[in-house]
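K.L.:
Just one file: run_22.pdb, with PDB, C-alpha atoms, pLDDT in the B column.
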```
ATOM      1  CA  MET A 348       0.000   0.000   0.000  1.00 57.00           C
ATOM      2  CA  PRO A 349       1.538   3.369  -0.999  1.00 67.00           C
ATOM      3  CA  ILE A 350       2.051   5.999   1.684  1.00 64.00           C
ATOM      4  CA  THR A 351       0.696   9.429   0.934  1.00 66.00           C
ATOM      5  CA  TYR A 352       1.611  12.667   2.649  1.00 61.00           C
ATOM      6  CA  THR A 353      -0.941  15.303   3.416  1.00 62.00           C
ATOM      7  CA  PRO A 354       0.562  18.539   4.738  1.00 64.00           C
ATOM      8  CA  GLY A 355      -1.057  19.967   7.814  1.00 61.00           C
ATOM      9  CA  PRO A 356      -1.611  23.607   8.679  1.00 60.00           C
ATOM     10  CA  PRO A 357       1.466  25.798   9.084  1.00 58.00           C
ATOM     11  CA  GLY A 358       3.074  25.898  12.523  1.00 56.00           C
ATOM     12  CA  PRO A 359       2.369  28.681  15.029  1.00 55.00           C
ATOM     13  CA  ASP A 360       5.498  30.666  14.108  1.00 53.00           C
ATOM     14  CA  ARG A 361       5.255  30.188  10.352  1.00 53.00           C
ATOM     15  CA  ARG A 362       2.925  31.876   7.916  1.00 52.00           C
ATOM     16  CA  SER A 363       2.513  30.429   4.477  1.00 53.00           C
ATOM     17  CA  ASP A 364       1.936  33.815   2.836  1.00 57.00           C
ATOM     18  CA  ARG A 365       5.368  35.172   3.860  1.00 56.00           C
ATOM     19  CA  PRO A 366       8.733  33.862   2.584  1.00 58.00           C
ATOM     20  CA  SER A 367      11.160  32.471   5.113  1.00 56.00           C
ATOM     21  CA  ARG A 368      13.974  34.699   6.368  1.00 60.00           C
ATOM     22  CA  ARG A 369      16.303  31.740   6.781  1.00 59.00           C
ATOM     23  CA  ASP A 370      17.576  29.162   4.397  1.00 62.00           C
ATOM     24  CA  ARG A 371      16.641  25.524   4.796  1.00 65.00           C
ATOM     25  CA  ARG A 372      19.427  24.872   7.309  1.00 69.00           C
ATOM     26  CA  GLY A 373      18.476  27.800   9.529  1.00 68.00           C
ATOM     27  CA  ARG A 374      21.703  29.804   9.144  1.00 70.00           C
ATOM     28  CA  GLY A 375      20.148  33.004   7.935  1.00 70.00           C
ATOM     29  CA  MET A 376      20.953  35.218   5.004  1.00 66.00           C
ATOM     30  CA  ARG A 377      24.295  34.765   3.273  1.00 66.00           C
ATOM     31  CA  GLY A 378      26.254  37.408   1.405  1.00 65.00           C
ATOM     32  CA  PRO A 379      26.084  41.194   1.588  1.00 60.00           C
ATOM     33  CA  GLY A 380      22.887  42.855   2.695  1.00 66.00           C
ATOM     34  CA  VAL A 381      23.475  45.759   0.312  1.00 67.00           C
ATOM     35  CA  VAL A 382      24.646  45.261  -3.254  1.00 70.00           C
ATOM     36  CA  PRO A 383      27.259  47.851  -4.306  1.00 69.00           C
ATOM     37  CA  VAL A 384      26.652  50.113  -7.290  1.00 72.00           C
ATOM     38  CA  VAL A 385      30.205  49.612  -8.543  1.00 76.00           C
ATOM     39  CA  PRO A 386      31.374  46.002  -8.176  1.00 75.00           C
ATOM     40  CA  GLY A 387      34.399  45.681  -5.903  1.00 71.00           C
ATOM     41  CA  THR A 388      33.662  48.787  -3.850  1.00 71.00           C
ATOM     42  CA  PRO A 389      31.728  48.530  -0.598  1.00 67.00           C
ATOM     43  CA  LYS A 390      28.339  50.202  -0.489  1.00 67.00           C
ATOM     44  CA  LEU A 391      28.675  50.987   3.199  1.00 67.00           C
ATOM     45  CA  ARG A 392      31.528  53.110   4.521  1.00 74.00           C
ATOM     46  CA  THR A 393      34.288  51.281   6.311  1.00 80.00           C
ATOM     47  CA  ALA A 394      35.726  52.249   9.704  1.00 84.00           C
ATOM     48  CA  ARG A 395      38.752  53.664   7.904  1.00 89.00           C
ATOM     49  CA  ASP A 396      36.555  55.870   5.692  1.00 89.00           C
ATOM     50  CA  ARG A 397      34.598  57.159   8.681  1.00 90.00           C
ATOM     51  CA  PHE A 398      37.813  57.953  10.588  1.00 93.00           C
ATOM     52  CA  ASP A 399      39.362  59.673   7.558  1.00 93.00           C
ATOM     53  CA  SER A 400      36.335  61.924   7.070  1.00 92.00           C
ATOM     54  CA  LEU A 401      36.314  62.805  10.783  1.00 93.00           C
ATOM     55  CA  ALA A 402      40.039  63.579  10.750  1.00 94.00           C
ATOM     56  CA  LEU A 403      39.668  65.655   7.580  1.00 94.00           C
ATOM     57  CA  ALA A 404      36.901  67.744   9.149  1.00 94.00           C
ATOM     58  CA  VAL A 405      38.931  68.432  12.306  1.00 93.00           C
ATOM     59  CA  ILE A 406      42.164  69.123  10.411  1.00 93.00           C
ATOM     60  CA  SER A 407      40.424  71.445   7.926  1.00 93.00           C
ATOM     61  CA  GLU A 408      38.965  73.488  10.754  1.00 92.00           C
ATOM     62  CA  ILE A 409      42.229  73.831  12.713  1.00 92.00           C
ATOM     63  CA  ASP A 410      44.448  74.291   9.656  1.00 90.00           C
ATOM     64  CA  GLY A 411      42.082  76.876   8.229  1.00 90.00           C
ATOM     65  CA  ARG A 412      42.500  79.057  11.316  1.00 89.00           C
ATOM     66  CA  TRP A 413      46.270  78.638  11.683  1.00 88.00           C
ATOM     67  CA  SER A 414      47.502  78.166   8.095  1.00 87.00           C
ATOM     68  CA  SER A 415      49.239  81.563   8.007  1.00 87.00           C
ATOM     69  CA  ARG A 416      51.455  80.609  10.991  1.00 88.00           C
ATOM     70  CA  LEU A 417      51.759  76.910  10.187  1.00 85.00           C
ATOM     71  CA  GLY A 418      53.091  77.199   6.674  1.00 84.00           C
ATOM     72  CA  LEU A 419      53.171  74.003   4.649  1.00 89.00           C
ATOM     73  CA  VAL A 420      52.047  71.000   6.687  1.00 90.00           C
ATOM     74  CA  GLU A 421      51.190  67.541   5.415  1.00 92.00           C
ATOM     75  CA  TYR A 422      48.607  65.535   7.325  1.00 94.00           C
ATOM     76  CA  ALA A 423      48.343  61.767   7.125  1.00 93.00           C
ATOM     77  CA  VAL A 424      46.432  58.931   8.748  1.00 94.00           C
ATOM     78  CA  GLU A 425      48.050  55.540   9.217  1.00 93.00           C
ATOM     79  CA  ASP A 426      46.564  52.449  10.798  1.00 92.00           C
ATOM     80  CA  THR A 427      49.255  51.827  13.415  1.00 89.00           C
ATOM     81  CA  PRO A 428      52.647  53.248  14.329  1.00 88.00           C
ATOM     82  CA  GLN A 429      55.770  51.253  13.679  1.00 85.00           C
ATOM     83  CA  VAL A 430      57.496  51.105  17.027  1.00 78.00           C
ATOM     84  CA  PRO A 431      61.025  49.737  17.365  1.00 77.00           C
ATOM     85  CA  ASP A 432      61.666  46.355  18.963  1.00 78.00           C
ATOM     86  CA  ASP A 433      63.266  47.978  22.004  1.00 79.00           C
ATOM     87  CA  TRP A 434      60.164  50.110  22.773  1.00 76.00           C
ATOM     88  CA  ARG A 435      60.058  50.312  26.568  1.00 80.00           C
ATOM     89  CA  THR A 436      56.843  52.129  27.490  1.00 79.00           C
ATOM     90  CA  ASP A 437      53.412  50.555  27.832  1.00 80.00           C
ATOM     91  CA  GLN A 438      51.732  53.273  25.767  1.00 82.00           C
ATOM     92  CA  VAL A 439      51.425  53.299  22.009  1.00 85.00           C
ATOM     93  CA  PRO A 440      51.713  56.743  20.356  1.00 89.00           C
ATOM     94  CA  LEU A 441      48.527  58.280  18.992  1.00 91.00           C
ATOM     95  CA  SER A 442      50.303  60.555  16.526  1.00 93.00           C
ATOM     96  CA  SER A 443      53.682  61.756  15.399  1.00 92.00           C
ATOM     97  CA  LEU A 444      55.093  65.111  14.403  1.00 91.00           C
ATOM     98  CA  ILE A 445      57.981  65.444  11.988  1.00 90.00           C
ATOM     99  CA  ARG A 446      59.231  68.999  11.682  1.00 90.00           C
ATOM    100  CA  GLY A 447      60.012  70.208   8.204  1.00 87.00           C
ATOM    101  CA  THR A 448      63.351  71.620   7.192  1.00 85.00           C
ATOM    102  CA  GLY A 449      63.878  73.965   4.287  1.00 80.00           C
ATOM    103  CA  ALA A 450      61.872  72.704   1.325  1.00 84.00           C
ATOM    104  CA  THR A 451      60.376  69.690   3.124  1.00 90.00           C
ATOM    105  CA  PRO A 452      57.043  70.354   4.835  1.00 91.00           C
ATOM    106  CA  SER A 453      56.226  69.414   8.399  1.00 91.00           C
ATOM    107  CA  ARG A 454      54.173  66.243   8.760  1.00 93.00           C
ATOM    108  CA  ILE A 455      51.521  65.309  11.321  1.00 94.00           C
ATOM    109  CA  VAL A 456      50.498  61.649  11.284  1.00 94.00           C
ATOM    110  CA  LEU A 457      47.467  60.326  13.176  1.00 95.00           C
ATOM    111  CA  PHE A 458      47.406  56.630  14.064  1.00 95.00           C
ATOM    112  CA  ARG A 459      43.856  55.374  13.596  1.00 94.00           C
ATOM    113  CA  ARG A 460      43.824  52.074  15.521  1.00 94.00           C
ATOM    114  CA  PRO A 461      45.369  53.351  18.791  1.00 93.00           C
ATOM    115  CA  ILE A 462      42.987  56.330  18.779  1.00 95.00           C
ATOM    116  CA  GLU A 463      39.940  54.136  18.093  1.00 94.00           C
ATOM    117  CA  HIS A 464      41.053  51.664  20.750  1.00 93.00           C
ATOM    118  CA  ARG A 465      40.849  54.362  23.438  1.00 92.00           C
ATOM    119  CA  CYS A 466      37.331  55.499  22.467  1.00 92.00           C
ATOM    120  CA  GLU A 467      33.992  53.886  23.252  1.00 93.00           C
ATOM    121  CA  THR A 468      31.575  56.168  21.408  1.00 92.00           C
ATOM    122  CA  ARG A 469      31.583  58.361  18.331  1.00 92.00           C
ATOM    123  CA  SER A 470      31.663  61.518  20.462  1.00 92.00           C
ATOM    124  CA  ASP A 471      34.696  60.140  22.336  1.00 93.00           C
ATOM    125  CA  LEU A 472      36.397  59.546  18.998  1.00 94.00           C
ATOM    126  CA  GLU A 473      35.637  63.069  17.806  1.00 94.00           C
ATOM    127  CA  ALA A 474      37.005  64.549  21.036  1.00 92.00           C
ATOM    128  CA  MET A 475      40.134  62.375  20.876  1.00 93.00           C
ATOM    129  CA  VAL A 476      40.921  63.314  17.260  1.00 94.00           C
ATOM    130  CA  LEU A 477      40.374  66.995  18.079  1.00 93.00           C
ATOM    131  CA  THR A 478      42.647  66.737  21.128  1.00 92.00           C
ATOM    132  CA  VAL A 479      45.431  64.954  19.228  1.00 94.00           C
ATOM    133  CA  VAL A 480      45.374  67.434  16.335  1.00 94.00           C
ATOM    134  CA  ILE A 481      45.337  70.434  18.686  1.00 93.00           C
ATOM    135  CA  GLU A 482      48.284  69.059  20.666  1.00 92.00           C
ATOM    136  CA  GLN A 483      50.353  68.424  17.533  1.00 94.00           C
ATOM    137  CA  VAL A 484      49.625  71.848  16.029  1.00 93.00           C
ATOM    138  CA  ALA A 485      50.423  73.493  19.379  1.00 93.00           C
ATOM    139  CA  GLU A 486      53.707  71.580  19.513  1.00 93.00           C
ATOM    140  CA  LEU A 487      54.534  72.679  15.979  1.00 92.00           C
ATOM    141  CA  LEU A 488      53.836  76.350  16.790  1.00 91.00           C
ATOM    142  CA  ASN A 489      55.394  76.212  20.304  1.00 92.00           C
ATOM    143  CA  VAL A 490      52.243  77.518  21.995  1.00 92.00           C
ATOM    144  CA  GLU A 491      49.854  76.183  24.617  1.00 91.00           C
ATOM    145  CA  PRO A 492      47.054  73.939  23.245  1.00 90.00           C
ATOM    146  CA  GLN A 493      44.378  76.265  24.695  1.00 90.00           C
ATOM    147  CA  VAL A 494      45.660  78.981  22.326  1.00 89.00           C
ATOM    148  CA  ILE A 495      44.977  76.752  19.315  1.00 89.00           C
ATOM    149  CA  ASP A 496      41.402  75.911  20.297  1.00 84.00           C
ATOM    150  CA  SER A 497      39.385  76.832  23.390  1.00 83.00           C
ATOM    151  CA  ARG A 498      37.675  73.405  23.362  1.00 82.00           C
ATOM    152  CA  TYR A 499      40.927  71.708  24.379  1.00 78.00           C
ATOM    153  CA  GLN A 500      40.760  70.040  27.783  1.00 74.00           C
ATOM    154  CA  GLN A 501      43.776  68.251  29.168  1.00 68.00           C
ATOM    155  CA  ASP A 502      42.772  64.976  30.858  1.00 59.00           C
TER     156      ASP A 502
END
```
Is it possible to express this structure as structure tokens?

P.N.:
Amino acid sequence: MPITYTPGPPGPDRRSDRPSRRDRRGRGMRGPGVVPVVPGTPKLRTARDRFDSLALAVISEIDGRWSSRLGLVEYAVEDTPQVPDDWRTDQVPLSSLIRGTGATPSRIVLFRRPIEHRCETRSDLEAMVLTVVIEQVAELLNVEPQVIDSRYQQD
């Protein structure tokens, strides 16, 4: 005698009029949630892109006010500093300042990962980037950080 199967009503958590949100093995959706417009470029901004735009906004504001006294300054963002093998302190630098000589411009480098590591929220990150840039510009001009920007608070 052949066995026939008659499906019963859908279960309490399943509606037949709505497609399932999971695949048949219950792992959920695979692949990107947003398809990029240009293949190979992410649709959503990465952490690096967000940090770069934040740093650019802070640097543009400070450099715009002090460009006449600063002269030619190059700004850069790197992921991490390269510390020598005999580095003795427990702290990792957040930035570096290389003073220019003659035709070479001064250079201020922000290190993204150490700065992000010390911040819990977006507002903390904004305050930390502002503080680091103010301190480096103040060091370059040999003035107190409060002169550069009144928002500076030494912690």

K.L.:
Pick the closest to Gln493 (chain A) from A:Gly418, A:Ser470, A:Leu444, A:Ile481: which is it, counting all atoms listed in the file?

P.N.:
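Of all the options, A:Ile481 lies closest to Gln493 (chain A).
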
K.L.:
Calculated over only C-alpha atoms, which of the candidates A:Ser443, A:Ser407, A:Thr478, A:Gln438 has the smallest distance to Val424 (chain A)?

P.N.:
A:Ser443

K.L.:
Using only C-alpha atoms, which of A:Gly375, A:Val439, A:Ile495, A:Asp426 sits nearest Gly411 (chain A)?

P.N.:
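Smallest separation from Gly411 (chain A) among the options: A:Ile495.
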
K.L.:
For Pro452 (chain A), work out the shell of residues within 6 Å, counting all atoms listed in the file and skipping chain neighbours fewer than 4 positions away, then give it as a ChimeraX atom specification.

P.N.:
/A:419-420,447

K.L.:
When you draw a straight line from CA of Glu425 (chain A) to CA of Leu457 (chain A), how long is it in Å?

P.N.:
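Separating CA of Glu425 (chain A) from CA of Leu457 (chain A) is a distance of 6.2 Å.
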